[in-house]
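Shown here: work_11.cif, mmCIF, C-alpha atoms.
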data_model
#
loop_
_atom_site.label_atom_id
_atom_site.label_comp_id
_atom_site.auth_asym_id
_atom_site.auth_seq_id
_atom_site.Cartn_x
_atom_site.Cartn_y
_atom_site.Cartn_z
CA MET R 15 15.33 26.74 -24.16
CA ASP R 16 13.92 30.25 -23.57
CA ILE R 17 13.91 32.24 -20.31
CA LYS R 18 10.22 31.60 -19.81
CA PHE R 19 10.83 27.86 -19.93
CA GLN R 20 13.72 28.11 -17.46
CA LYS R 21 11.53 30.16 -15.12
CA GLN R 22 8.86 27.47 -15.25
CA VAL R 23 11.42 24.78 -14.37
CA ALA R 24 12.74 26.91 -11.49
CA LEU R 25 9.17 27.61 -10.31
CA ILE R 26 8.25 23.89 -10.25
CA ILE R 27 11.41 23.00 -8.32
CA GLY R 28 10.86 25.92 -5.92
CA ILE R 29 7.25 24.98 -5.19
CA SER R 30 8.29 21.34 -4.63
CA PHE R 31 10.97 22.46 -2.19
CA ILE R 32 8.53 24.65 -0.23
CA CYS R 33 5.82 21.93 -0.13
CA GLY R 34 8.29 19.22 0.93
CA ALA R 35 9.93 21.36 3.61
CA SER R 36 6.59 22.62 4.98
CA TYR R 37 4.97 19.19 5.10
CA ASN R 38 8.03 17.66 6.74
CA SER R 39 8.13 20.36 9.41
CA ILE R 40 4.45 20.11 10.39
CA ARG R 41 4.05 16.33 10.50
CA ASP R 42 4.83 14.26 13.58
CA GLU R 43 6.87 11.72 11.60
CA GLY R 44 9.04 14.36 9.94
CA ILE R 45 12.63 13.32 9.29
CA PRO R 46 15.85 15.35 9.80
CA TRP R 47 17.29 16.97 6.67
CA LEU R 48 20.46 14.90 6.98
CA ALA R 49 20.31 11.18 7.80
CA LYS R 50 22.14 10.00 10.89
CA PRO R 51 24.05 6.74 10.48
CA ILE R 52 22.92 3.84 12.65
CA GLU R 53 24.96 3.57 15.84
CA LYS R 54 27.41 0.68 15.74
CA ILE R 55 28.16 -1.46 18.76
CA SER R 56 31.02 -3.88 18.85
CA SER R 57 30.47 -5.62 22.16
CA ALA R 58 27.69 -7.94 23.22
CA LYS R 59 27.79 -6.20 26.64
CA ASP R 60 26.56 -2.93 25.12
CA ILE R 61 23.36 -4.55 23.97
CA GLU R 62 21.56 -4.20 27.27
CA ILE R 63 22.37 -0.46 27.38
CA ASN R 64 19.49 1.83 26.42
CA ILE R 65 16.76 -0.61 27.35
CA GLY R 66 13.53 1.34 27.55
CA ILE R 67 14.73 3.87 24.96
CA PRO R 68 13.81 2.69 21.47
CA SER R 69 16.98 2.03 19.54
CA ILE R 70 18.17 0.41 16.33
CA ARG R 71 21.86 -0.38 16.37
CA GLU R 72 24.27 -2.17 14.07
CA ILE R 73 26.41 -5.16 15.02
CA ASP R 74 29.29 -6.92 13.29
CA LEU R 75 29.88 -10.61 12.64
CA GLU R 76 31.80 -11.21 15.85
CA THR R 77 29.00 -9.81 18.01
CA ALA R 78 26.41 -11.69 15.97
CA ILE R 79 28.24 -14.98 16.60
CA LYS R 80 28.42 -14.29 20.36
CA LEU R 81 24.72 -13.45 20.46
CA GLN R 82 23.76 -16.50 18.46
CA LYS R 83 25.75 -18.73 20.81
CA SER R 84 24.14 -17.10 23.84
CA GLY R 85 20.70 -17.91 22.45
CA ALA R 86 19.60 -14.47 21.26
CA LEU R 87 16.67 -14.36 18.89
CA PHE R 88 17.52 -13.89 15.20
CA VAL R 89 15.00 -12.67 12.65
CA ASP R 90 15.57 -13.35 8.96
CA ALA R 91 14.29 -10.38 6.95
CA ARG R 92 14.71 -12.04 3.56
CA SER R 93 11.70 -13.17 1.56
CA GLU R 94 10.59 -16.73 2.29
CA GLU R 95 11.89 -18.05 -1.04
CA TYR R 96 15.48 -17.32 0.05
CA LEU R 97 15.13 -19.56 3.10
CA GLU R 98 15.42 -22.64 0.89
CA ASP R 99 19.18 -21.88 0.83
CA GLY R 100 19.20 -22.02 4.63
CA PHE R 101 19.19 -19.53 7.48
CA ILE R 102 21.06 -18.75 10.70
CA PRO R 103 20.22 -21.51 13.20
CA GLY R 104 17.15 -20.65 15.26
CA ALA R 105 16.19 -17.64 13.15
CA ILE R 106 12.51 -16.94 12.64
CA ASN R 107 10.93 -15.46 9.54
CA ASP R 108 7.52 -14.23 8.48
CA ASP R 109 6.64 -12.00 5.55
CA ASP R 110 3.62 -10.84 7.57
CA THR R 111 4.97 -8.19 9.98
CA ASP R 112 1.90 -8.46 12.28
CA ALA R 113 2.46 -12.19 12.73
CA LEU R 114 6.21 -11.70 13.13
CA SER R 115 5.63 -9.05 15.80
CA ASP R 116 3.30 -11.40 17.70
CA GLU R 117 5.88 -14.18 17.54
CA ILE R 118 8.70 -11.97 18.83
CA THR R 119 6.48 -10.64 21.63
CA THR R 120 5.62 -14.19 22.69
CA LEU R 121 9.25 -15.31 22.61
CA ILE R 122 11.08 -12.37 24.26
CA GLY R 123 8.74 -9.43 24.88
CA PHE R 124 9.47 -5.85 23.87
CA ASP R 125 12.69 -4.94 25.71
CA GLN R 126 15.06 -7.83 25.11
CA GLY R 127 17.48 -7.32 22.22
CA PHE R 128 17.10 -9.35 19.03
CA VAL R 129 18.99 -9.45 15.77
CA ILE R 130 17.66 -8.82 12.28
CA TYR R 131 19.64 -9.73 9.17
CA CYS R 132 19.14 -9.95 5.41
CA SER R 133 21.23 -11.07 2.43
CA ASP R 134 24.39 -8.98 2.71
CA ASP R 135 25.86 -5.55 3.46
CA ASP R 136 23.91 -3.85 0.72
CA CYS R 137 20.41 -5.24 1.23
CA GLY R 138 18.05 -2.84 2.96
CA SER R 139 15.32 -5.19 4.13
CA SER R 140 16.83 -5.72 7.61
CA GLU R 141 16.80 -1.98 8.28
CA ASP R 142 13.31 -1.59 6.82
CA LEU R 143 12.02 -4.40 9.02
CA ALA R 144 13.83 -2.91 12.05
CA TYR R 145 12.04 0.42 11.58
CA ASP R 146 8.70 -1.35 11.00
CA LEU R 147 9.13 -3.42 14.18
CA GLN R 148 10.19 -0.37 16.17
CA GLU R 149 6.77 1.09 15.40
CA TYR R 150 5.24 -2.01 17.03
CA GLY R 151 7.03 -1.05 20.26
CA PHE R 152 10.23 -3.11 20.22
CA ASN R 153 12.94 -1.18 22.02
CA ASN R 154 16.19 -2.98 21.42
CA ILE R 155 16.73 -3.94 17.80
CA LEU R 156 20.09 -4.96 16.38
CA VAL R 157 20.84 -5.07 12.68
CA PHE R 158 23.51 -7.56 11.61
CA LYS R 159 24.81 -5.68 8.59
CA GLY R 160 26.86 -8.40 6.88
CA GLY R 161 23.88 -10.73 7.05
CA TRP R 162 23.58 -14.12 5.43
CA LYS R 163 26.52 -13.61 3.04
CA THR R 164 29.04 -12.80 5.79
CA TRP R 165 27.68 -15.62 7.96
CA THR R 166 28.01 -18.30 5.28
CA GLU R 167 31.36 -16.99 3.96
CA SER R 168 32.72 -17.46 7.49
CA GLY R 169 31.76 -21.14 7.35
CA LEU R 170 29.34 -20.92 10.27
CA ASP R 171 26.51 -23.38 10.90
CA VAL R 172 23.28 -22.94 9.02
CA GLU R 173 19.86 -24.50 9.38
CA TYR R 174 17.45 -25.68 6.70
CA ASN R 175 13.68 -26.01 6.69
CA GLU R 176 12.54 -29.63 6.64
CA MET K 29 11.20 12.19 -36.34
CA LEU K 30 9.31 15.43 -35.64
CA SER K 31 7.08 14.93 -38.67
CA ILE K 32 6.13 11.49 -37.36
CA MET K 33 5.42 13.09 -33.98
CA ASN K 34 3.02 15.57 -35.55
CA LYS K 35 1.09 12.75 -37.21
CA ILE K 36 0.16 11.23 -33.83
CA HIS K 37 -3.48 11.98 -33.12
CA PRO K 38 -3.90 14.71 -30.44
CA VAL K 39 -6.26 12.45 -28.46
CA LEU K 40 -3.58 9.75 -28.32
CA ILE K 41 -1.06 12.33 -27.08
CA LEU K 42 -3.59 13.43 -24.47
CA ILE K 43 -3.96 9.81 -23.28
CA ILE K 44 -0.17 9.37 -23.13
CA ARG K 45 0.04 12.64 -21.21
CA PHE K 46 -2.60 11.57 -18.67
CA LEU K 47 -0.96 8.17 -18.15
CA LEU K 48 2.48 9.73 -17.71
CA GLY K 49 1.12 12.26 -15.22
CA LEU K 50 -0.76 9.59 -13.30
CA ILE K 51 2.38 7.45 -13.02
CA PHE K 52 4.28 10.32 -11.42
CA VAL K 53 1.42 11.21 -9.06
CA TYR K 54 0.97 7.57 -8.04
CA ALA K 55 4.74 7.09 -7.57
CA SER K 56 4.87 10.08 -5.24
CA TYR K 57 2.08 8.95 -2.91
CA ASP K 58 3.84 6.37 -0.69
CA LYS K 59 7.05 8.39 -0.69
CA ILE K 60 5.25 11.48 0.64
CA LEU K 61 3.57 9.42 3.37
CA ASP K 62 6.76 7.61 4.44
CA PRO K 63 9.86 9.68 3.60
CA GLY K 64 11.92 7.65 6.12
CA LYS K 65 11.39 4.47 4.10
CA PHE K 66 12.14 6.31 0.87
CA ALA K 67 15.36 7.73 2.38
CA ARG K 68 16.47 4.18 3.28
CA ASP K 69 15.68 3.03 -0.27
CA ILE K 70 17.86 5.86 -1.62
CA SER K 71 20.61 5.05 0.87
CA ASN K 72 20.69 1.42 -0.33
CA TYR K 73 21.93 2.60 -3.74
CA HIS K 74 25.16 3.77 -2.03
CA VAL K 75 25.63 6.84 -4.21
CA VAL K 76 24.37 9.72 -2.06
CA PRO K 77 26.92 11.18 0.41
CA PHE K 78 26.66 13.02 3.76
CA GLY K 79 23.21 11.75 4.73
CA LEU K 80 21.63 13.74 1.89
CA GLU K 81 19.22 10.88 1.20
CA ASN K 82 16.87 12.50 3.73
CA THR K 83 16.95 15.84 1.89
CA ILE K 84 16.14 14.08 -1.37
CA ALA K 85 13.37 12.05 0.32
CA ILE K 86 11.77 15.26 1.61
CA ILE K 87 11.80 17.12 -1.74
CA LEU K 88 11.71 14.57 -4.57
CA PRO K 89 8.25 13.05 -3.92
CA TRP K 90 6.70 16.54 -4.02
CA LEU K 91 8.55 17.29 -7.24
CA GLU K 92 7.06 14.08 -8.72
CA LEU K 93 3.60 15.05 -7.49
CA ILE K 94 3.77 18.58 -8.90
CA ILE K 95 5.13 17.59 -12.31
CA GLY K 96 2.57 14.77 -12.47
CA LEU K 97 -0.27 17.19 -11.73
CA GLY K 98 1.15 19.74 -14.18
CA ILE K 99 1.22 17.14 -16.96
CA ILE K 100 -2.36 16.00 -16.21
CA ILE K 101 -4.04 19.38 -15.82
CA GLY K 102 -2.05 21.01 -18.63
CA VAL K 103 0.00 23.58 -16.73
CA CYS K 104 3.69 24.05 -17.58
CA ILE K 105 3.63 20.83 -19.59
CA ASN K 106 6.97 21.35 -21.35
CA ALA K 107 8.80 22.21 -18.14
CA SER K 108 7.16 19.28 -16.34
CA VAL K 109 8.05 16.68 -18.97
CA PHE K 110 11.56 18.16 -19.20
CA ILE K 111 12.04 17.60 -15.44
CA SER K 112 10.36 14.17 -15.69
CA GLY K 113 12.78 13.17 -18.44
CA GLY K 114 15.74 14.36 -16.38
CA LEU K 115 14.55 12.38 -13.36
CA LEU K 116 13.99 9.25 -15.46
CA ILE K 117 17.53 9.46 -16.87
CA VAL K 118 18.88 9.73 -13.30
CA PHE K 119 16.72 6.75 -12.21
CA ILE K 120 17.97 4.67 -15.16
CA ILE K 121 21.60 5.41 -14.27
CA LEU K 122 21.01 4.64 -10.57
CA ILE K 123 19.27 1.33 -11.27
CA ALA K 124 21.91 0.30 -13.84
CA GLN K 125 24.79 0.95 -11.44
CA ALA K 126 22.97 -0.98 -8.68
CA ILE K 127 22.50 -3.97 -11.01
CA LEU K 128 26.13 -3.85 -12.15
CA ARG K 129 27.32 -3.69 -8.52
CA GLY K 130 25.18 -6.75 -7.72
CA PHE K 131 22.79 -5.03 -5.30
CA ASN K 132 19.56 -6.90 -4.67
CA ILE K 133 17.68 -3.91 -3.26
CA ASP K 134 14.21 -2.40 -3.27
CA CYS K 135 13.95 -0.08 -6.21
CA GLY K 136 12.12 2.62 -4.23
CA CYS K 137 10.28 3.54 -7.42
CA GLY K 138 6.94 3.87 -5.64
CA LEU K 139 4.89 1.98 -8.23
CA LYS K 140 4.80 -1.44 -6.58
CA GLU K 141 5.78 -2.41 -3.04
CA GLY K 142 8.86 -4.62 -2.68
CA GLU K 143 9.91 -4.23 -6.32
CA VAL K 144 13.65 -4.91 -6.66
CA VAL K 145 16.04 -3.33 -9.13
CA GLY K 146 16.32 -5.15 -12.45
CA TRP K 147 16.59 -4.66 -16.20
CA SER K 148 12.78 -4.62 -16.48
CA LYS K 149 12.75 -1.40 -14.42
CA ILE K 150 15.25 0.14 -16.84
CA ILE K 151 13.10 -0.82 -19.84
CA GLU K 152 10.03 0.57 -18.03
CA ASN K 153 11.82 3.88 -17.39
CA PHE K 154 12.92 4.09 -21.05
CA LEU K 155 9.24 3.69 -22.05
CA PHE K 156 8.28 6.54 -19.72
CA LEU K 157 11.17 8.56 -21.16
CA GLY K 158 9.78 7.93 -24.65
CA ALA K 159 6.38 9.16 -23.47
CA CYS K 160 8.05 12.35 -22.14
CA TYR K 161 9.67 12.89 -25.54
CA ILE K 162 6.37 12.41 -27.42
CA VAL K 163 4.54 14.86 -25.15
CA HIS K 164 7.39 17.39 -25.28
CA GLU K 165 7.66 17.36 -29.07
CA SER K 166 3.95 17.27 -29.90
CA LYS K 167 2.65 20.49 -31.42
CA SER K 168 -1.11 19.93 -31.30
CA ARG K 169 -2.11 19.71 -27.66
CA LEU K 170 -5.56 19.33 -26.17
CA LEU K 171 -6.40 20.74 -22.75
CA GLU K 172 -3.27 22.81 -22.30
CA PHE K 173 -4.02 25.80 -20.09
CA TYR K 174 -0.73 27.50 -19.29
CA PRO K 175 1.34 28.69 -21.09
CA LYS K 176 -0.91 28.81 -24.18
#
How would this structure read if it were set down as structure tokens?
Amino acid sequence: MDIKFQKQVALIIGISFICGASYNSIRDEGIPWLAKPIEKISSAKDIEINIGIPSIREIDLETAIKLQKSGALFVDARSEEYLEDGFIPGAINDDDTDALSDEITTLIGFDQGFVIYCSDDDCGSSEDLAYDLQEYGFNNILVFKGGWKTWTESGLDVEYNE
Amino acid sequence: MLSIMNKIHPVLILIIRFLLGLIFVYASYDKILDPGKFARDISNYHVVPFGLENTIAIILPWLELIIGLGIIIGVCINASVFISGGLLIVFIILIAQAILRGFNIDCGCGLKEGEVVGWSKIIENFLFLGACYIVHESKSRLLEFYPK
């Protein structure tokens, strides 16, 4: 590996850094250099805080159970094929985000909190869907991080498609 | 091995080079347009600390674009395929650890939407790595502009 080669590698990395940093700073949807973790809330009472300010927050199993019992809307972010194994009672699902957005709007409007979940702690589809739906104008989105795995491991009720 | 490499027809090496470059350019496109989504994909691998997934999501897609363009237009080919190979090795390790830890996550590879991690992605990346090796080791190159 000669010096010239090393300089070329350094040059490519340097140009990439400058392009990435410049583009991120001039675009409206630029992101911060360090990711901020999603705010966690541990009480169902906190859910109505921040209405009107777009927010995506994380809830635990206990809060998810309380919300499910109180009739909150649940959205299953898993692909439709996973629903054959069941889903949280009352949860809605649609792979088409436009159609899903319409359904949520019809059911609860834009400001009321609703819960999104996916397979487990490590799946990212609930967060992805939360950010997609936030762009549609939903203000109060809750991500149930443990998702389907935590729900079923706790022996809670599930629903199946007929 | 090198003697076999030199027997590959220069036109075939050029085609491999173009395809490899196109793959990197194509993979960078969605990531440049939506770095937030790419940062979440990186975060799902659970290996990057301190929120640095955003920093990677800002820089890495541009690195992929620039090395892809370099490989296609014939500028800094050796340095570009060297970086490509390094990235592919990192991707292989990341995907393998995600599979072994039982993560069913979006790969974030940028080639196909909603593609989840799996052994097929590892095989695919090894093929790309092989292409990097062929281009790097080839002596007779067509359409190479800098350095001559």
Check your understanding: Counting all atoms listed in the file, which residues come within 8 Å of (11.1, 14.4, 0.4), with the point read in the file's coordinates, and could you list them as a list in words?
Key -> Gly34, Ala35 and Asn38 of chain R; Lys59, Ile60, Pro63, Asn82, Thr83, Ile84, Ala85, Ile86, Ile87, Leu88, Pro89 and Trp90 of chain K
Exercise for review: Find the residues of chain K in contact range of chain R, meaning any atom within 7 Å when counting only C-alpha atoms, and list them as an MDAnalysis selection string.
Suggested key: chainID K and resid 64:65 72 79:83 86:87 90:91 94 104 107 131:133
Exercise for review: Apply the PyMOL selection byres ((chain R and resi 173) around 6) to the displayed file and report the matching residues as a list in words.
Suggested key: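 Applied to this file, the PyMOL selection byres ((chain R and resi 173) around 6) selects Gly100, Phe101, Pro103, Val172 and Tyr174 of chain R.
Within the file as shown, the PyMOL selection byres ((chain K and resi 125) around 12) identifies Asn72, Tyr73, His74, Val75, Val118, Phe119, Ile120, Ile121, Leu122, Ile123, Ala124, Ala126, Ile127, Leu128, Arg129, Gly130, Phe131, Asn132, Ile133, Val145, Gly146, Trp147 and Ile150 of chain K.
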Check your understanding: Using the chain letters and numbers from the file, which residues does the PyMOL selection byres ((chain K and resi 153) around 10) grab, as a ChimeraX atom specification?
Key -> /K:113,115-117,119-120,123,147-152,154-159
Review point. Taking only C-alpha atoms into account, which of R:Arg71, R:Ser56, R:Gly127, R:Thr77 comes nearest R:Val157?
Key: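 Using only C-alpha atoms, the shortest distance to R:Val157 belongs to R:Arg71.
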Point to revise | Contacts of R:Glu95 within 12 Å, only C-alpha atoms, excl. fewer than 4 positions in-chain, as a list in words | key: Asp90, Ala91, Asp99, Gly100, Phe101, Asn107, Asp108, Asp109 and Asn175 of chain R
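If only C-alpha atoms are the atoms counted, then among K:Phe78, K:Phe173, K:Val144, K:Ser166 the closest residue to K:Leu40 is K:Ser166.
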